[in-house]
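Only one structure is covered here, and it is reproduced in the block below.
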Number of protein chains: 2
Amino acid sequence: MEVSYEDVAAAHARVRAVAHRTPVLRSATVDALTGASVFFKAENLQRMGAFKFRGAYNALSQLTSAQRKKGVVAFSSGNHAQAVALSGRLLGIPATIVMPTDAPQVKLVATRGYGAEVVSYDASNEDRQKIAEKLAAERGLTVIPPFNHPHILAGQGTAAKELIEETGPLDILLVPCGGGGLLSGCALAARHLSPDCRVIGVEPAEGDDGLRSFRSGRIESIPLPKTIADGARTTALGTLTFALIRANVDDFLTVTDAELLRWMFFLWERMKIVVEPTGTLAAAALLENKLDAKGKRVGVVLSGGNVDLAWAARVMAPGLLRKD
Amino acid sequence: MEVSYEDVAAAHARVRAVAHRTPVLRSATVDALTGASVFFKAENLQRMGAFKFRGAYNALSQLTSAQRKKGVVAFSSGNHAQAVALSGRLLGIPATIVMPTDAPQVKLVATRGYGAEVVSYDASNEDRQKIAEKLAAERGLTVIPPFNHPHILAGQGTAAKELIEETGPLDILLVPCGGGGLLSGCALAARHLSPDCRVIGVEPAEGDDGLRSFRSGRIESIPLPKTIADGARTTALGTLTFALIRANVDDFLTVTDAELLRWMFFLWERMKIVVEPTGTLAAAALLENKLDAKGKRVGVVLSGGNVDLAWAARVMAPGLLRKD
């Protein structure tokens with residue numbers, strides 16, 4: 001299925017009335033550290049705390065009335081679950097979310113708080129996709145995949161559309177990459193609105209399947225990566241996201257968990273925003289000087305802010321905090 | 001010295017080119033909890049992390065060339081120090097900041113980072129105002145007071161001017177109150193731009209000198225208050241701020257430190273923004289249902305976000321976090 005910039009623009013027409021137009025934040029400190037003019041698209045300030053709302057709402061709002069009546073099902077322990085739950089509530093579509101029994105309590109509560117039905121499964125010996133497909137078959141539900149779907153990725157691309165419409169053309173756009181929905185959608189927007197912009201995907205070092213696939217020219221799978229960037233714990237890109245990434249993305253970078261933590265708390269302390277580890281990927285690549293950004297206009301997507309504060313307090317050891 | 005809305009408008013013309021136009025944030029969760037339509041003016045996202053930059057820049061930019069050449073002096077261990085230091089750097093005016101020897105290392109580093117000279121004093125047996133005045137006399141420096149000055153408070157009022165220009169008329173405006181610079185300036189803006197708006201100052205319960213003064217009709221002094229809201233550890237309003245508060249403010253509320261902590265972490269976790277205890281005062285009063293806001297359009301000034309993350313991690317005990 002072809003996806004183009006027109007799909008991103010159409011998604012924006014659907015999404016803009018309900019999503020926050022998140023602010024584009026600047027930091028004189030970041031500009032001084034990098035020598036660049038940096039524009040942060042603060043999707044951590046999006047509804048339910050992440051860009052995922054854009055894609056889920058775009059997908060759910062295109063269902064037929066028969067599909068809407070029966071409802072949707074998604075499998076996720078993270079932001080996609082809350083995005084589908086919230087979109088379902090706003091559109092009056094029943095949502096069922098398949099979540100592991102050991103999912104964080106706070107995410108269970110949030111997902112149920114948006115009115116979704118949560119179906120638990122044992123992650124050690126059950127396959128969540130099969131459970132979702134079984135539920136879909138039995139109840140006639142529509143499965144809403146987390147990234148490999150044209151409506152999902154077109155919705156995610158509206159984040160970069162808003163960013164570039166506000167900033168004007170960029171030299172570089174840095175985007176976190178898990179399954180590639182955000183990256184492929186944002187790349188579509190950047191190609192159209194800022195054709196000379198270099199689009200760079202950023203992954204956790206332990207979850208570099210996207211980089212490997214980008215280099216080898218075919219989808220490379222890796223074992224479930226161990227990283228604090230829980231939104232990028234994906235084992236492979238999707239067929240659709242990979243094709244769009246090959247066509248529109250210029251490069252990939254990776255950052256370690258230690259680098260993520262250092263710059264995550266930098267964003268908290270200096271920019272006064274709560275960003276989750278996955279949401280810090282693009283910013284960390286820039287601030288670790290992993291690319292030459294001097295004199296450039298650089299867009300950075302901060303993709304989400306859903307972090308357990310009790311966890312953050314535990315890892316906030318003084319040695320991890322850069323005080324310069 | 002008379003101060004009017006025209007001074008706030010003139011301040012805005014000076015400040016808008018250098019200050020961030022901070023975003024006005026919404027939260028569906030807060031609207032649901034309060035039954036109101038709540039507009040948060042996120043001054044924690046202002047340059048140097050607080051509204052204080054507005055007033056300091058407005059004051060420094062009105063100095064004569066002779067005054068600019070000799071420089072300025074301020075006494076503060078908090079946000080005013082960084083505001084004067086940053087404004088001095090931007091305007092090429094040498095800044096001297098009188099800070100206690102036991103000021104947090106992070107604030108010393110930040111103030112010096114903006115190029116200011118830091119003069120230390122022993123808070124237990126030296127008077128900072130006298131030291132500043134001695135320095136001013138010896139070196140011909142201009143003293144930049146933290147709140148009781150027409151240029152300072154007119155600058156702070158630009159926060160409410162921007163808020164109301166973006167939201168349209170409000171029913172209620174809640175503003176943190178320490179020495180009253182932010183409150184008196186914002187009240188001037190609200191009176192002019194939204195004449196029917198009730199303007200309410202919010203203080204820490206232990207530092208309720210403003211409420212007492214508002215009720216008694218004369219400036220009441222209290223001993224240095226013990227509260228985590230370090231930006232509101234003031235012992236009395238100023239003559240100028242008190243007169244403007246009497247003329248333009250409708251009421252005062254107070255919140256306890258426990259209430260501040262609960263809602264500070266709520267703002268971090270739910271709205272994904274880092275707000276300091278003082279910056280949480282107005283939001284906490286609303287979220288603790290200390291006023292009837294149902295069906296109302298309510299503006300809330302989040303005044304700053306300069307918080308030591310190591311301190312936050314220590315106080316982030318699970319019992320303080322509301323998880324509903």
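Labeling convention for the structure tokens: chains A, B, ... as they appear, residues from 1 per chain, ligands from 1 in order of appearance.
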Set out as a Markdown table a contact list for chain B and chain A with a cut-off of 6 Å, giving each residue of chain B that qualifies its closest atom pair and distance in Å to one decimal, counting only C-alpha atoms, ordered by chain and rising residue number.
| residue | atom | partner | partner_atom | distance |
| --- | --- | --- | --- | --- |
| B:Lys272 | CA | A:Val274 | CA | 4.5 |
| B:Ile273 | CA | A:Ile273 | CA | 4.3 |
| B:Val274 | CA | A:Lys272 | CA | 4.5 |
| B:Gly305 | CA | A:Lys272 | CA | 5.8 |
| B:Ala313 | CA | A:Ala313 | CA | 4.4 |
With a distance cut-off of 10 Å and only C-alpha atoms, select the neighbouring residues of A:Pro277, excluding the residue or stretch itself and same-chain residues fewer than 2 positions from it, and output the selection as an MDAnalysis selection string. chainID A and resid 204 227:232 257 259:265 274:275 279:281 284 302:307
As a ChimeraX atom specification, please: every residue in stretch 59-306 of chain B that a backbone DSSP assignment puts in strand (DSSP E or B). /B:72-75,95-100,117-121,142-143,172-176,198-204,251-255,273,297-302,304
Using DSSP on the backbone coordinates, identify all residues within stretch 32-84 of chain A classified as helix (DSSP H, G or I); present the result as a ChimeraX atom specification. /A:32-34,43-45,47-49,52-60,65-70,79-84
Mind giving me the straight-line distance from atom CA of A:Leu135 to atom CA of A:Thr235 in Å, one decimal? 23.7 Å
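For the pair atom CA of B:Glu126 and atom CA of B:Pro223, the interatomic distance is 16.8 Å.
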Write out as an mmCIF file with N, CA, C and O atoms, in the first residue's frame each polymer residue whose atoms come within 7 Å of stretch 53-56 of chain B, counting only C-alpha atoms; drop sequence neighbours fewer than 2 positions from it.
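Saved result, part13.cif, follows:
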data_model
loop_
_atom_site.group_PDB
_atom_site.id
_atom_site.type_symbol
_atom_site.label_atom_id
_atom_site.label_comp_id
_atom_site.auth_asym_id
_atom_site.auth_seq_id
_atom_site.Cartn_x
_atom_site.Cartn_y
_atom_site.Cartn_z
ATOM 1 N N VAL B 15 10.609 43.195 26.077
ATOM 2 C CA VAL B 15 10.958 41.842 26.497
ATOM 3 C C VAL B 15 10.680 40.798 25.414
ATOM 4 O O VAL B 15 11.381 39.797 25.296
ATOM 5 N N ALA B 19 12.648 37.222 25.332
ATOM 6 C CA ALA B 19 12.049 36.192 26.194
ATOM 7 C C ALA B 19 11.345 35.147 25.330
ATOM 8 O O ALA B 19 10.935 35.432 24.206
ATOM 9 N N ARG B 47 13.189 31.450 29.707
ATOM 10 C CA ARG B 47 14.652 31.458 29.783
ATOM 11 C C ARG B 47 15.099 31.507 31.239
ATOM 12 O O ARG B 47 14.454 32.117 32.062
ATOM 13 N N ALA B 50 12.378 30.646 34.743
ATOM 14 C CA ALA B 50 11.355 31.304 35.564
ATOM 15 C C ALA B 50 10.978 32.661 34.979
ATOM 16 O O ALA B 50 11.748 33.265 34.225
ATOM 17 N N PHE B 51 9.782 33.129 35.391
ATOM 18 C CA PHE B 51 9.266 34.431 34.949
ATOM 19 C C PHE B 51 10.210 35.576 35.277
ATOM 20 O O PHE B 51 10.096 36.658 34.695
ATOM 21 N N ASN B 58 13.460 43.808 31.683
ATOM 22 C CA ASN B 58 12.766 45.089 31.529
ATOM 23 C C ASN B 58 13.467 46.189 32.322
ATOM 24 O O ASN B 58 13.620 47.314 31.838
ATOM 25 N N ALA B 59 13.926 45.855 33.530
ATOM 26 C CA ALA B 59 14.607 46.857 34.366
ATOM 27 C C ALA B 59 15.973 47.226 33.777
ATOM 28 O O ALA B 59 16.297 48.402 33.619
ATOM 29 N N LEU B 60 16.757 46.211 33.420
ATOM 30 C CA LEU B 60 18.108 46.500 32.926
ATOM 31 C C LEU B 60 18.096 47.241 31.593
ATOM 32 O O LEU B 60 18.968 48.072 31.331
ATOM 33 N N ALA B 83 18.252 35.657 36.711
ATOM 34 C CA ALA B 83 17.554 36.559 35.790
ATOM 35 C C ALA B 83 18.382 37.817 35.532
ATOM 36 O O ALA B 83 18.518 38.268 34.393
ATOM 37 N N VAL B 84 18.946 38.385 36.600
ATOM 38 C CA VAL B 84 19.769 39.586 36.448
ATOM 39 C C VAL B 84 21.072 39.239 35.711
ATOM 40 O O VAL B 84 21.519 39.985 34.836
ATOM 41 N N SER B 87 20.192 38.690 31.981
ATOM 42 C CA SER B 87 19.833 39.973 31.356
ATOM 43 C C SER B 87 21.078 40.831 31.164
ATOM 44 O O SER B 87 21.236 41.495 30.128
ATOM 45 N N HIS B 151 9.663 48.755 37.297
ATOM 46 C CA HIS B 151 10.103 48.082 36.073
ATOM 47 C C HIS B 151 10.106 46.567 36.233
ATOM 48 O O HIS B 151 9.843 45.837 35.280
ATOM 49 N N ILE B 152 10.432 46.119 37.436
ATOM 50 C CA ILE B 152 10.426 44.675 37.693
ATOM 51 C C ILE B 152 8.998 44.142 37.591
ATOM 52 O O ILE B 152 8.716 43.208 36.839
ATOM 53 N N LEU B 153 8.080 44.739 38.318
ATOM 54 C CA LEU B 153 6.724 44.163 38.350
ATOM 55 C C LEU B 153 5.997 44.352 37.028
ATOM 56 O O LEU B 153 5.186 43.505 36.624
ATOM 57 N N ALA B 154 6.293 45.442 36.305
ATOM 58 C CA ALA B 154 5.676 45.610 34.983
ATOM 59 C C ALA B 154 6.150 44.504 34.043
ATOM 60 O O ALA B 154 5.372 43.961 33.249
ATOM 61 N N GLY B 155 7.430 44.149 34.152
ATOM 62 C CA GLY B 155 7.957 43.046 33.336
ATOM 63 C C GLY B 155 7.276 41.730 33.663
ATOM 64 O O GLY B 155 6.887 40.970 32.759
ATOM 65 N N GLN B 156 7.098 41.446 34.942
ATOM 66 C CA GLN B 156 6.458 40.175 35.337
ATOM 67 C C GLN B 156 5.019 40.103 34.815
ATOM 68 O O GLN B 156 4.521 39.029 34.461
#
Close residues, A:Asp196 itself excluded, 8 Å, only C-alpha atoms, min 2 positions apart in chain, as a compact mmCIF listing (two decimals) with C-alpha atoms, in the first residue's frame:
# COMPACT_ATOMS: atom_id res chain seq x y z
CA LEU A 170 15.56 22.42 8.37
CA ASP A 171 19.03 21.07 7.57
CA ARG A 191 10.81 15.20 2.17
CA SER A 194 11.95 20.65 3.50
CA ARG A 198 18.75 15.14 6.11
Contacts of stretch 67-71 of chain B at 6 Å or less, counting only C-alpha atoms, minus same-chain residues fewer than 3 places along, as a count of residues only? 6
Could you state the separation of atom CA of A:Cys197 and atom CA of A:Arg218 in Å, given to one decimal place? 24.1 Å
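Proximity to B:Ala81 at 9 Å, evaluated using only C-alpha atoms and with sequence-adjacent residues fewer than 2 positions away removed, yields Lys52, Ala74, Phe75, Ser76, Ser77, Gly78, Asn79, Ala83, Val84, Ala85, Leu86, Thr96, Ile97, Val98, Met99, Lys107, Thr111, Ala116 and Pro146 of chain B.
Restricting the calculation to only C-alpha atoms, the smallest distance between B:Ala293 and any of B:His149, B:Gly210, B:Thr158, B:Ile172 is found for B:Ile172.
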